[in-house]
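Q: I am sharing protein-v6.cif, which consists of mmCIF, C-alpha atoms:
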data_my_file
#
loop_
_atom_site.group_PDB
_atom_site.id
_atom_site.type_symbol
_atom_site.label_atom_id
_atom_site.label_comp_id
_atom_site.auth_asym_id
_atom_site.auth_seq_id
_atom_site.Cartn_x
_atom_site.Cartn_y
_atom_site.Cartn_z
ATOM 1 C CA MET A 1230 -70.124 47.032 0.489
ATOM 2 C CA ASN A 1231 -67.986 44.470 -1.358
ATOM 3 C CA SER A 1232 -70.492 44.133 -4.157
ATOM 4 C CA GLU A 1233 -70.506 47.914 -4.575
ATOM 5 C CA ILE A 1234 -66.739 47.918 -4.891
ATOM 6 C CA ASN A 1235 -66.873 44.948 -7.260
ATOM 7 C CA SER A 1236 -69.414 46.729 -9.446
ATOM 8 C CA ARG A 1237 -67.257 49.828 -9.507
ATOM 9 C CA ILE A 1238 -64.219 47.871 -10.669
ATOM 10 C CA LEU A 1239 -66.285 46.002 -13.253
ATOM 11 C CA ARG A 1240 -68.095 49.063 -14.636
ATOM 12 C CA THR A 1241 -67.710 50.332 -18.172
ATOM 13 C CA VAL A 1242 -65.878 53.640 -18.158
ATOM 14 C CA PRO A 1243 -66.452 56.530 -20.582
ATOM 15 C CA ARG A 1244 -64.589 56.477 -23.882
ATOM 16 C CA GLU A 1245 -62.081 59.120 -22.780
ATOM 17 C CA LYS A 1246 -61.054 56.945 -19.811
ATOM 18 C CA ALA A 1247 -60.729 53.705 -21.754
ATOM 19 C CA PHE A 1248 -57.354 52.023 -22.212
ATOM 20 C CA TYR A 1249 -55.903 52.525 -25.699
ATOM 21 C CA PHE A 1250 -53.349 49.985 -26.858
ATOM 22 C CA PHE A 1251 -50.222 51.380 -28.527
ATOM 23 C CA THR A 1252 -47.184 49.490 -29.839
ATOM 24 C CA SER A 1253 -44.816 52.426 -29.331
ATOM 25 C CA ILE A 1254 -44.899 56.197 -28.756
ATOM 26 C CA GLY A 1255 -47.876 57.550 -30.714
ATOM 27 C CA ASN A 1256 -48.652 54.319 -32.568
ATOM 28 C CA TYR A 1257 -52.202 53.290 -31.742
ATOM 29 C CA THR A 1258 -53.267 49.753 -32.705
ATOM 30 C CA GLY A 1259 -56.992 50.519 -32.868
ATOM 31 C CA ALA A 1260 -57.737 48.290 -29.869
ATOM 32 C CA SER A 1261 -59.196 49.747 -26.700
ATOM 33 C CA ALA A 1262 -60.832 48.536 -23.512
ATOM 34 C CA ALA A 1263 -63.489 50.379 -21.523
ATOM 35 C CA SER A 1264 -63.936 47.736 -18.815
ATOM 36 C CA LEU A 1265 -62.007 45.001 -17.066
ATOM 37 C CA LYS A 1266 -63.836 42.418 -19.167
ATOM 38 C CA GLU A 1267 -62.821 44.132 -22.414
ATOM 39 C CA PHE A 1268 -59.304 44.550 -21.085
ATOM 40 C CA MET A 1269 -59.078 40.792 -20.497
ATOM 41 C CA GLN A 1270 -60.330 40.087 -24.039
ATOM 42 C CA ARG A 1271 -57.888 42.510 -25.634
ATOM 43 C CA ILE A 1272 -54.938 40.902 -23.828
ATOM 44 C CA LYS A 1273 -55.660 37.739 -25.803
ATOM 45 C CA GLU A 1274 -55.748 39.389 -29.217
ATOM 46 C CA VAL A 1275 -53.679 42.582 -29.241
ATOM 47 C CA ASN A 1276 -50.208 42.760 -30.836
ATOM 48 C CA ILE A 1277 -47.696 41.368 -28.326
ATOM 49 C CA LYS A 1278 -45.524 44.462 -28.818
ATOM 50 C CA SER A 1279 -48.336 46.476 -27.291
ATOM 51 C CA LEU A 1280 -48.401 44.369 -24.123
ATOM 52 C CA GLU A 1281 -44.634 44.673 -23.777
ATOM 53 C CA PHE A 1282 -44.746 48.445 -24.414
ATOM 54 C CA HIS A 1283 -47.421 49.172 -21.823
ATOM 55 C CA LEU A 1284 -46.198 46.750 -19.156
ATOM 56 C CA HIS A 1285 -42.696 48.197 -19.349
ATOM 57 C CA ARG A 1286 -44.049 51.750 -18.993
ATOM 58 C CA GLY A 1287 -46.362 50.857 -16.121
ATOM 59 C CA ASP A 1288 -49.440 51.931 -18.101
ATOM 60 C CA PHE A 1289 -51.561 48.882 -17.133
ATOM 61 C CA GLU A 1290 -50.803 49.410 -13.478
ATOM 62 C CA LYS A 1291 -51.656 53.114 -13.761
ATOM 63 C CA TRP A 1292 -54.966 52.483 -15.551
ATOM 64 C CA THR A 1293 -56.134 49.751 -13.185
ATOM 65 C CA THR A 1294 -55.318 51.990 -10.225
ATOM 66 C CA GLU A 1295 -56.554 55.357 -11.465
ATOM 67 C CA VAL A 1296 -59.468 54.392 -13.684
ATOM 68 C CA LEU A 1297 -60.732 50.969 -12.556
ATOM 69 C CA GLU A 1298 -59.666 51.733 -8.975
ATOM 70 C CA ASP A 1299 -58.477 48.161 -8.464
ATOM 71 C CA GLN A 1300 -55.383 48.427 -6.310
ATOM 72 C CA TRP A 1301 -55.095 44.675 -5.893
ATOM 73 C CA LEU A 1302 -54.923 44.001 -9.619
ATOM 74 C CA ALA A 1303 -52.512 46.904 -10.066
ATOM 75 C CA GLY A 1304 -50.232 45.292 -7.490
ATOM 76 C CA GLU A 1305 -50.364 41.943 -9.280
ATOM 77 C CA ILE A 1306 -49.539 43.573 -12.618
ATOM 78 C CA LYS A 1307 -46.660 45.429 -11.015
ATOM 79 C CA ARG A 1308 -45.315 42.087 -9.781
ATOM 80 C CA LEU A 1309 -45.392 40.813 -13.375
ATOM 81 C CA GLN A 1310 -43.173 43.707 -14.479
ATOM 82 C CA LYS A 1311 -40.387 42.392 -12.258
ATOM 83 C CA PHE A 1312 -40.349 38.979 -13.974
ATOM 84 C CA GLY A 1313 -39.188 40.550 -17.248
ATOM 85 C CA LEU A 1314 -41.575 38.406 -19.290
ATOM 86 C CA THR A 1315 -41.905 38.921 -23.036
ATOM 87 C CA GLY A 1316 -43.848 37.399 -25.920
ATOM 88 C CA ASP A 1317 -46.484 34.759 -25.332
ATOM 89 C CA ALA A 1318 -45.243 34.105 -21.807
ATOM 90 C CA LEU A 1319 -46.170 37.680 -20.958
ATOM 91 C CA ARG A 1320 -49.532 37.458 -22.732
ATOM 92 C CA ASN A 1321 -50.420 34.208 -20.958
ATOM 93 C CA GLN A 1322 -49.368 35.381 -17.524
ATOM 94 C CA LEU A 1323 -51.123 38.731 -17.874
ATOM 95 C CA TYR A 1324 -54.275 37.035 -19.120
ATOM 96 C CA LEU A 1325 -54.167 34.577 -16.239
ATOM 97 C CA THR A 1326 -53.768 37.392 -13.706
ATOM 98 C CA VAL A 1327 -56.642 39.449 -15.081
ATOM 99 C CA SER A 1328 -58.963 36.491 -15.679
ATOM 100 C CA ARG A 1329 -58.445 35.238 -12.118
ATOM 101 C CA ARG A 1330 -59.314 38.707 -10.875
ATOM 102 C CA MET A 1331 -62.418 38.779 -13.061
ATOM 103 C CA LYS A 1332 -63.493 35.414 -11.708
ATOM 104 C CA ARG A 1333 -63.139 36.579 -8.132
ATOM 105 C CA LEU A 1334 -64.986 39.823 -8.726
ATOM 106 C CA THR A 1335 -67.879 38.125 -10.497
ATOM 107 C CA SER A 1336 -68.193 35.160 -8.137
ATOM 108 C CA PRO A 1337 -70.465 36.038 -5.171
ATOM 109 C CA SER A 1338 -69.014 33.382 -2.854
ATOM 110 C CA SER A 1339 -65.314 34.143 -3.338
ATOM 111 C CA PRO A 1340 -63.553 36.518 -0.951
ATOM 112 C CA VAL A 1341 -62.175 39.491 -2.808
ATOM 113 C CA HIS A 1342 -58.815 41.131 -2.094
ATOM 114 C CA PHE A 1343 -58.583 44.915 -2.089
ATOM 115 C CA MET B 793 -52.009 76.017 -60.607
ATOM 116 C CA LYS B 794 -54.853 78.281 -61.604
ATOM 117 C CA LEU B 795 -56.913 80.634 -59.519
ATOM 118 C CA LYS B 796 -60.621 79.875 -59.421
ATOM 119 C CA LYS B 797 -62.947 82.325 -61.095
ATOM 120 C CA ASN B 798 -64.336 83.585 -57.790
ATOM 121 C CA GLU B 799 -60.897 84.385 -56.402
ATOM 122 C CA ALA B 800 -59.535 87.929 -56.301
ATOM 123 C CA SER B 801 -58.299 89.010 -59.708
ATOM 124 C CA LEU B 802 -54.677 90.056 -59.526
ATOM 125 C CA ASP B 803 -52.583 91.639 -62.223
ATOM 126 C CA GLN B 804 -48.842 91.355 -62.771
ATOM 127 C CA ALA B 805 -48.099 94.329 -60.498
ATOM 128 C CA ASP B 806 -50.055 92.730 -57.638
ATOM 129 C CA LEU B 807 -48.106 89.511 -58.076
ATOM 130 C CA GLU B 808 -44.823 91.407 -58.088
ATOM 131 C CA ILE B 809 -45.822 93.182 -54.873
ATOM 132 C CA LEU B 810 -46.707 89.854 -53.269
ATOM 133 C CA LYS B 811 -43.383 88.422 -54.378
ATOM 134 C CA ALA B 812 -41.561 91.381 -52.816
ATOM 135 C CA LEU B 813 -43.506 91.070 -49.563
ATOM 136 C CA GLN B 814 -42.836 87.331 -49.352
ATOM 137 C CA GLU B 815 -39.132 88.031 -49.666
ATOM 138 C CA ASP B 816 -39.226 90.739 -46.989
ATOM 139 C CA SER B 817 -42.504 91.976 -45.565
ATOM 140 C CA ARG B 818 -40.744 94.752 -43.618
ATOM 141 C CA GLN B 819 -39.561 96.665 -46.648
ATOM 142 C CA THR B 820 -41.153 100.051 -47.276
ATOM 143 C CA TYR B 821 -43.763 100.887 -49.909
ATOM 144 C CA THR B 822 -41.156 103.192 -51.449
ATOM 145 C CA ALA B 823 -38.627 100.378 -51.751
ATOM 146 C CA ILE B 824 -41.188 98.094 -53.364
ATOM 147 C CA GLY B 825 -42.316 100.922 -55.666
ATOM 148 C CA LYS B 826 -38.757 101.637 -56.786
ATOM 149 C CA ARG B 827 -38.187 97.994 -57.573
ATOM 150 C CA LEU B 828 -41.372 97.760 -59.635
ATOM 151 C CA GLY B 829 -41.240 101.215 -61.150
ATOM 152 C CA ILE B 830 -44.487 102.412 -59.561
ATOM 153 C CA THR B 831 -45.266 105.006 -56.892
ATOM 154 C CA HIS B 832 -45.348 104.185 -53.188
ATOM 155 C CA SER B 833 -49.005 105.255 -53.031
ATOM 156 C CA THR B 834 -49.881 102.724 -55.729
ATOM 157 C CA VAL B 835 -48.069 100.066 -53.725
ATOM 158 C CA TYR B 836 -49.975 101.141 -50.611
ATOM 159 C CA ASP B 837 -53.348 101.052 -52.400
ATOM 160 C CA ARG B 838 -52.731 97.639 -53.883
ATOM 161 C CA ILE B 839 -51.531 96.180 -50.586
ATOM 162 C CA ARG B 840 -54.594 97.574 -48.788
ATOM 163 C CA LYS B 841 -56.824 96.087 -51.495
ATOM 164 C CA MET B 842 -55.181 92.655 -51.135
ATOM 165 C CA GLU B 843 -55.470 92.830 -47.341
ATOM 166 C CA LYS B 844 -59.200 93.590 -47.627
ATOM 167 C CA GLN B 845 -59.632 90.727 -50.072
ATOM 168 C CA LYS B 846 -57.727 88.453 -47.648
ATOM 169 C CA VAL B 847 -55.194 87.688 -50.371
ATOM 170 C CA ILE B 848 -52.713 88.838 -47.728
ATOM 171 C CA ARG B 849 -53.911 87.111 -44.573
ATOM 172 C CA ASN B 850 -51.305 88.320 -42.098
ATOM 173 C CA TYR B 851 -47.710 89.334 -41.548
ATOM 174 C CA THR B 852 -45.845 86.968 -39.305
ATOM 175 C CA THR B 853 -42.399 86.141 -37.953
ATOM 176 C CA PHE B 854 -40.502 82.877 -38.291
ATOM 177 C CA ILE B 855 -38.647 82.115 -35.105
ATOM 178 C CA ASP B 856 -35.867 79.569 -34.809
ATOM 179 C CA LEU B 857 -37.006 77.713 -31.706
ATOM 180 C CA GLU B 858 -33.628 75.989 -31.394
ATOM 181 C CA LYS B 859 -31.899 79.353 -31.017
ATOM 182 C CA VAL B 860 -34.495 80.569 -28.544
ATOM 183 C CA GLY B 861 -33.728 77.426 -26.561
ATOM 184 C CA VAL B 862 -37.264 76.035 -26.590
ATOM 185 C CA LYS B 863 -36.985 72.266 -26.243
ATOM 186 C CA HIS B 864 -39.525 70.592 -28.448
ATOM 187 C CA ILE B 865 -40.141 67.686 -30.767
ATOM 188 C CA LEU B 866 -42.159 67.562 -33.957
ATOM 189 C CA ALA B 867 -44.061 64.592 -35.305
ATOM 190 C CA ILE B 868 -46.190 63.751 -38.288
ATOM 191 C CA VAL B 869 -49.227 61.858 -37.097
ATOM 192 C CA THR B 870 -51.312 59.868 -39.565
ATOM 193 C CA VAL B 871 -54.799 59.142 -38.318
ATOM 194 C CA TYR B 872 -56.802 56.427 -40.087
ATOM 195 C CA THR B 873 -60.481 57.089 -39.635
ATOM 196 C CA ASP B 874 -63.956 55.872 -40.358
ATOM 197 C CA PRO B 875 -64.824 57.877 -43.506
ATOM 198 C CA LYS B 876 -67.993 59.207 -41.865
ATOM 199 C CA GLU B 877 -65.970 60.793 -39.081
ATOM 200 C CA THR B 878 -62.902 62.073 -40.942
ATOM 201 C CA GLU B 879 -64.066 65.658 -41.256
ATOM 202 C CA ARG B 880 -65.119 65.872 -37.616
ATOM 203 C CA VAL B 881 -61.858 64.330 -36.348
ATOM 204 C CA ALA B 882 -59.829 66.705 -38.540
ATOM 205 C CA GLU B 883 -61.773 69.712 -37.237
ATOM 206 C CA LYS B 884 -61.214 68.668 -33.631
ATOM 207 C CA LEU B 885 -57.512 68.201 -34.270
ATOM 208 C CA ALA B 886 -57.309 71.615 -35.889
ATOM 209 C CA LYS B 887 -58.570 73.225 -32.668
ATOM 210 C CA SER B 888 -55.718 71.841 -30.534
ATOM 211 C CA PRO B 889 -52.784 74.189 -29.956
ATOM 212 C CA GLU B 890 -50.385 71.226 -30.157
ATOM 213 C CA VAL B 891 -51.443 70.669 -33.761
ATOM 214 C CA LEU B 892 -49.586 72.950 -36.182
ATOM 215 C CA GLU B 893 -51.012 71.690 -39.471
ATOM 216 C CA VAL B 894 -53.848 69.352 -40.455
ATOM 217 C CA TYR B 895 -54.548 67.781 -43.842
ATOM 218 C CA THR B 896 -57.031 65.210 -45.061
ATOM 219 C CA SER B 897 -56.218 62.871 -47.909
ATOM 220 C CA LEU B 898 -58.286 60.827 -50.305
ATOM 221 C CA SER B 899 -55.845 58.010 -50.921
ATOM 222 C CA ASP B 900 -56.700 54.303 -50.688
ATOM 223 C CA GLU B 901 -57.887 54.974 -47.171
ATOM 224 C CA LEU B 902 -59.352 58.177 -45.853
ATOM 225 C CA LEU B 903 -56.809 59.583 -43.520
ATOM 226 C CA ILE B 904 -55.705 62.693 -41.709
ATOM 227 C CA MET B 905 -52.151 63.923 -41.455
ATOM 228 C CA ALA B 906 -51.201 66.349 -38.732
ATOM 229 C CA LYS B 907 -47.972 68.008 -37.676
ATOM 230 C CA ILE B 908 -47.729 68.069 -33.918
ATOM 231 C CA VAL B 909 -45.390 69.818 -31.526
ATOM 232 C CA ALA B 910 -44.711 68.652 -27.978
ATOM 233 C CA ALA B 911 -42.137 69.324 -25.299
ATOM 234 C CA THR B 912 -41.116 65.676 -24.919
ATOM 235 C CA GLN B 913 -41.856 62.257 -26.391
ATOM 236 C CA GLU B 914 -43.940 61.502 -23.325
ATOM 237 C CA ASP B 915 -46.035 64.646 -23.881
ATOM 238 C CA LEU B 916 -46.475 63.668 -27.508
ATOM 239 C CA HIS B 917 -47.640 60.193 -26.524
ATOM 240 C CA ALA B 918 -50.012 61.603 -23.897
ATOM 241 C CA PHE B 919 -51.539 63.950 -26.469
ATOM 242 C CA VAL B 920 -52.049 61.156 -29.010
ATOM 243 C CA ALA B 921 -53.384 58.736 -26.380
ATOM 244 C CA ASN B 922 -55.648 61.171 -24.545
ATOM 245 C CA SER B 923 -56.742 63.591 -27.241
ATOM 246 C CA ILE B 924 -56.701 61.703 -30.546
ATOM 247 C CA ALA B 925 -57.218 57.969 -29.903
ATOM 248 C CA PRO B 926 -60.489 58.505 -27.942
ATOM 249 C CA LEU B 927 -62.127 60.533 -30.736
ATOM 250 C CA ASP B 928 -65.082 58.787 -32.383
ATOM 251 C CA GLY B 929 -64.119 57.241 -35.704
ATOM 252 C CA VAL B 930 -60.376 56.930 -35.072
ATOM 253 C CA LEU B 931 -59.329 53.467 -36.269
ATOM 254 C CA ARG B 932 -55.582 53.576 -35.745
ATOM 255 C CA ILE B 933 -52.713 56.046 -35.576
ATOM 256 C CA ARG B 934 -49.168 56.066 -36.900
ATOM 257 C CA THR B 935 -46.689 58.582 -35.534
ATOM 258 C CA SER B 936 -43.376 59.499 -37.132
ATOM 259 C CA MET B 937 -41.020 61.640 -35.128
ATOM 260 C CA ILE B 938 -39.226 64.281 -37.172
ATOM 261 C CA THR B 939 -35.483 63.935 -36.635
ATOM 262 C CA LYS B 940 -34.137 66.465 -39.128
ATOM 263 C CA LYS B 941 -35.665 69.386 -40.988
ATOM 264 C CA LEU B 942 -34.124 70.024 -44.410
ATOM 265 C CA LYS B 943 -36.573 72.645 -45.625
ATOM 266 C CA GLU B 944 -39.531 74.591 -44.329
ATOM 267 C CA THR B 945 -41.177 77.291 -46.391
ATOM 268 C CA HIS B 946 -44.552 78.570 -47.428
ATOM 269 C CA PHE B 947 -45.898 78.407 -50.937
ATOM 270 C CA SER B 948 -44.445 81.428 -52.687
ATOM 271 C CA ILE B 949 -45.534 83.577 -55.586
ATOM 272 C CA ASN B 950 -42.118 82.671 -56.994
ATOM 273 C CA ASN B 951 -43.439 79.142 -57.509
ATOM 274 C CA TYR B 952 -45.692 80.509 -60.257
ATOM 275 C CA THR B 953 -42.679 81.512 -62.283
ATOM 276 C CA ARG B 954 -41.313 77.967 -62.126
ATOM 277 C CA GLY B 955 -43.949 76.210 -64.150
ATOM 278 C CA LEU B 956 -47.111 76.948 -62.223
ATOM 279 C CA HIS B 957 -49.550 79.256 -63.975
ATOM 280 C CA LEU B 958 -52.183 81.685 -62.824
#
Translate this file's structure into structure tokens.
A:
Amino acid sequence: MNSEINSRILRTVPREKAFYFFTSIGNYTGASAASLKEFMQRIKEVNIKSLEFHLHRGDFEKWTTEVLEDQWLAGEIKRLQKFGLTGDALRNQLYLTVSRRMKRLTSPSSPVHF
Amino acid sequence: MKLKKNEASLDQADLEILKALQEDSRQTYTAIGKRLGITHSTVYDRIRKMEKQKVIRNYTTFIDLEKVGVKHILAIVTVYTDPKETERVAEKLAKSPEVLEVYTSLSDELLIMAKIVAATQEDLHAFVANSIAPLDGVLRIRTSMITKKLKETHFSINNYTRGLHL
């Protein structure tokens, strides 16, 4: 059961459900993520303004809930919003949160939170 | 500007009729005829001919949305695309009701410019994020919100008399 849920969270979603990184209203950076793995990679490289824009709007939380269906990760990202992080501190903390989640989901022995 | 050889051939009277219609398309054939010194039936025949030739595409009404009270925002969206996909992206954009105008440009980069209307900034963002960004070949998008309109008009026959030639 858990592995089915893990696979669902880790799946690659269709292009129209991918996450598209913007720096402000209507300004698309060209970076997108169609899976949690891609999402983690993009966090490292995308313009920091984009991370600040989407975190502030709650877009990451919405996408992880509605598309990846990972409530636990959505909750962790929501917690980050409250810290008011910006710049590299935000990038590092967000990357850490998502990479830890990835590690748990891909490690067969680790218990996974849902 | 010159008309291509395969375009409808128009004489000076046709152009004068078009000019009159662009100023006020509700005026009568008689009024146009009086102004040009020709009969109303000649005006009628020439207008019918230009409608059939699609020189006159339609008669429309400009509405001041502000006065009607329709809340909306306008934006110019520039879409940078993979050259192989530009035409297809532009055609898809042209089919969306939110898109009022679409142009492609052959500048340093192949790009598409579109004028978009939305009820709110959030609606505009949702349209760009959900309907433009996911299209194959879209590389990046720049959006400029229109804050003030100083002029909006269509190309007029009058422009010909100001240095453009048929």
Q: Report as a list of chain:residue names the set of chain B residues whose atoms approach chain A to within 6 Å, with distances computed over all atoms listed in the file.
A: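 Result, ordered by chain then number: B:His917, B:Val920, B:Pro926, B:Leu931, B:Arg932, B:Ile933, B:Arg934, B:Thr935.
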Q: CA of Asn1231 in chain A and CA of Lys1307 in chain A, how far apart in Å?
A: 23.4 Å
Q: Considering only C-alpha atoms, tabulate each residue of range 814-871 of chain B that lies at most 6 Å from range 888-908 of chain B along with its nearest interatomic pair and the corresponding distance in Å to one decimal; arrange the rows by chain and ascending residue number and present them as JSON lines.
A:
{"residue": "B:Leu866", "atom": "CA", "partner": "B:Ile908", "partner_atom": "CA", "distance": 5.6}
{"residue": "B:Ala867", "atom": "CA", "partner": "B:Ile908", "partner_atom": "CA", "distance": 5.2}
{"residue": "B:Ile868", "atom": "CA", "partner": "B:Lys907", "partner_atom": "CA", "distance": 4.7}
{"residue": "B:Val869", "atom": "CA", "partner": "B:Ala906", "partner_atom": "CA", "distance": 5.2}
{"residue": "B:Thr870", "atom": "CA", "partner": "B:Met905", "partner_atom": "CA", "distance": 4.6}
{"residue": "B:Val871", "atom": "CA", "partner": "B:Ile904", "partner_atom": "CA", "distance": 5.0}
Q: Using all atoms listed in the file, which residues sit within 7 Å of Val835 in chain B once same-chain residues fewer than 4 positions away are excluded, as number ranges by chain?
A: B: 821, 825, 831, 839
Q: Report, in Å to a single decimal, how far apart CA of Tyr1324 in chain A and CA of Gln1300 in chain A are.
A: 17.2 Å
Q: Leaving out Thr1315 in chain A and any residue of its chain fewer than 5 positions from it, which residues lie within 9 Å of it when counting only C-alpha atoms, given as a PyMOL selection string?
A: chain A and resi 1277-1278+1280-1281+1320
Q: Just the number, please: distance in Å from CA of Gln1270 in chain A to CA of Leu1323 in chain A, one decimal.
A: 11.2 Å
Q: Apply the PyMOL selection byres ((chain A and resi 1296) around 12) to the displayed file and report the matching residues as a PDB file with C-alpha atoms, in the coordinates of the input.
A:
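So out-v5.pdb came out as:
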ATOM      1  CA  ARG A1237     -67.257  49.828  -9.507  1.00  0.00           C
ATOM      2  CA  ILE A1238     -64.219  47.871 -10.669  1.00  0.00           C
ATOM      3  CA  LEU A1239     -66.285  46.002 -13.253  1.00  0.00           C
ATOM      4  CA  ARG A1240     -68.095  49.063 -14.636  1.00  0.00           C
ATOM      5  CA  THR A1241     -67.710  50.332 -18.172  1.00  0.00           C
ATOM      6  CA  VAL A1242     -65.878  53.640 -18.158  1.00  0.00           C
ATOM      7  CA  PRO A1243     -66.452  56.530 -20.582  1.00  0.00           C
ATOM      8  CA  ARG A1244     -64.589  56.477 -23.882  1.00  0.00           C
ATOM      9  CA  GLU A1245     -62.081  59.120 -22.780  1.00  0.00           C
ATOM     10  CA  LYS A1246     -61.054  56.945 -19.811  1.00  0.00           C
ATOM     11  CA  ALA A1247     -60.729  53.705 -21.754  1.00  0.00           C
ATOM     12  CA  PHE A1248     -57.354  52.023 -22.212  1.00  0.00           C
ATOM     13  CA  ALA A1262     -60.832  48.536 -23.512  1.00  0.00           C
ATOM     14  CA  ALA A1263     -63.489  50.379 -21.523  1.00  0.00           C
ATOM     15  CA  SER A1264     -63.936  47.736 -18.815  1.00  0.00           C
ATOM     16  CA  LEU A1265     -62.007  45.001 -17.066  1.00  0.00           C
ATOM     17  CA  ASP A1288     -49.440  51.931 -18.101  1.00  0.00           C
ATOM     18  CA  PHE A1289     -51.561  48.882 -17.133  1.00  0.00           C
ATOM     19  CA  GLU A1290     -50.803  49.410 -13.478  1.00  0.00           C
ATOM     20  CA  LYS A1291     -51.656  53.114 -13.761  1.00  0.00           C
ATOM     21  CA  TRP A1292     -54.966  52.483 -15.551  1.00  0.00           C
ATOM     22  CA  THR A1293     -56.134  49.751 -13.185  1.00  0.00           C
ATOM     23  CA  THR A1294     -55.318  51.990 -10.225  1.00  0.00           C
ATOM     24  CA  GLU A1295     -56.554  55.357 -11.465  1.00  0.00           C
ATOM     25  CA  LEU A1297     -60.732  50.969 -12.556  1.00  0.00           C
ATOM     26  CA  GLU A1298     -59.666  51.733  -8.975  1.00  0.00           C
ATOM     27  CA  ASP A1299     -58.477  48.161  -8.464  1.00  0.00           C
ATOM     28  CA  GLN A1300     -55.383  48.427  -6.310  1.00  0.00           C
ATOM     29  CA  ALA A1303     -52.512  46.904 -10.066  1.00  0.00           C
TER      30      ALA A1303
END
Q: Decode the PyMOL selection byres ((chain B and resi 809) around 9) for the given file into explicit residues and return them as a PDB file with C-alpha atoms, keeping the file's coordinate frame.
A:
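What follows is the written file out.pdb:
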ATOM      1  CA  GLN B 804     -48.842  91.355 -62.771  1.00  0.00           C
ATOM      2  CA  ALA B 805     -48.099  94.329 -60.498  1.00  0.00           C
ATOM      3  CA  ASP B 806     -50.055  92.730 -57.638  1.00  0.00           C
ATOM      4  CA  LEU B 807     -48.106  89.511 -58.076  1.00  0.00           C
ATOM      5  CA  GLU B 808     -44.823  91.407 -58.088  1.00  0.00           C
ATOM      6  CA  LEU B 810     -46.707  89.854 -53.269  1.00  0.00           C
ATOM      7  CA  LYS B 811     -43.383  88.422 -54.378  1.00  0.00           C
ATOM      8  CA  ALA B 812     -41.561  91.381 -52.816  1.00  0.00           C
ATOM      9  CA  LEU B 813     -43.506  91.070 -49.563  1.00  0.00           C
ATOM     10  CA  GLN B 814     -42.836  87.331 -49.352  1.00  0.00           C
ATOM     11  CA  ILE B 824     -41.188  98.094 -53.364  1.00  0.00           C
ATOM     12  CA  GLY B 825     -42.316 100.922 -55.666  1.00  0.00           C
ATOM     13  CA  LEU B 828     -41.372  97.760 -59.635  1.00  0.00           C
ATOM     14  CA  VAL B 835     -48.069 100.066 -53.725  1.00  0.00           C
ATOM     15  CA  ARG B 838     -52.731  97.639 -53.883  1.00  0.00           C
ATOM     16  CA  ILE B 839     -51.531  96.180 -50.586  1.00  0.00           C
TER      17      ILE B 839
END
Q: Which centre and which edge lengths, in Å to one decimal, describe the axis-aligned box that holds all listed atoms of range 921-924 of chain B after 5 Å is added on each side, as JSON?
A:
{"center_x": -55.1, "center_y": 61.2, "center_z": -27.5, "size_x": 13.4, "size_y": 14.9, "size_z": 16.0}
Q: At a cut-off of 7 Å around the point (-58.3, 39.9, -14.1) (file coordinates), what residues fall inside when counting all atoms listed in the file? I'd like the answer as a PDB file with C-alpha atoms, keeping the file's coordinate frame.
A:
ATOM      1  CA  LEU A1265     -62.007  45.001 -17.066  1.00  0.00           C
ATOM      2  CA  MET A1269     -59.078  40.792 -20.497  1.00  0.00           C
ATOM      3  CA  LEU A1302     -54.923  44.001  -9.619  1.00  0.00           C
ATOM      4  CA  THR A1326     -53.768  37.392 -13.706  1.00  0.00           C
ATOM      5  CA  VAL A1327     -56.642  39.449 -15.081  1.00  0.00           C
ATOM      6  CA  SER A1328     -58.963  36.491 -15.679  1.00  0.00           C
ATOM      7  CA  ARG A1329     -58.445  35.238 -12.118  1.00  0.00           C
ATOM      8  CA  ARG A1330     -59.314  38.707 -10.875  1.00  0.00           C
ATOM      9  CA  MET A1331     -62.418  38.779 -13.061  1.00  0.00           C
TER      10      MET A1331
END
Q: Which residue, B:Thr939, B:Lys887, B:His832, B:Asp803, has the smallest gap to Gln819 in chain B when you use only C-alpha atoms?
A: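 Under the stated criterion, the closest residue is B:His832.
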Q: Might you pull out every residue within 9 Å of Ala800 in chain B, with only C-alpha atoms counted and same-chain residues fewer than 5 positions away left off, and present them as a list of chain:residue names?
A: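 Listed by chain and then number, they are B:Leu795, B:Met842, B:Gln845, B:Lys846, B:Val847.
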Q: Got a moment to write range 857-875 of chain B out with C-alpha atoms, as a tab-separated table (two decimals), in the first residue's frame?
A:
chain	number	residue	atom	x	y	z
B	857	LEU	CA	-15.82	48.77	-21.11
B	858	GLU	CA	-15.00	51.24	-18.33
B	859	LYS	CA	-18.34	52.98	-18.84
B	860	VAL	CA	-20.19	49.68	-19.00
B	861	GLY	CA	-18.57	48.89	-15.66
B	862	VAL	CA	-16.82	45.71	-16.79
B	863	LYS	CA	-13.79	45.25	-14.55
B	864	HIS	CA	-10.89	43.99	-16.58
B	865	ILE	CA	-7.17	44.25	-17.11
B	866	LEU	CA	-5.20	44.15	-20.34
B	867	ALA	CA	-1.70	42.82	-20.80
B	868	ILE	CA	0.80	42.42	-23.58
B	869	VAL	CA	2.31	38.97	-23.34
B	870	THR	CA	5.55	38.19	-25.18
B	871	VAL	CA	6.10	34.49	-25.70
B	872	TYR	CA	9.60	33.32	-26.64
B	873	THR	CA	9.37	30.06	-28.50
B	874	ASP	CA	11.30	27.31	-30.18
B	875	PRO	CA	11.24	28.46	-33.84
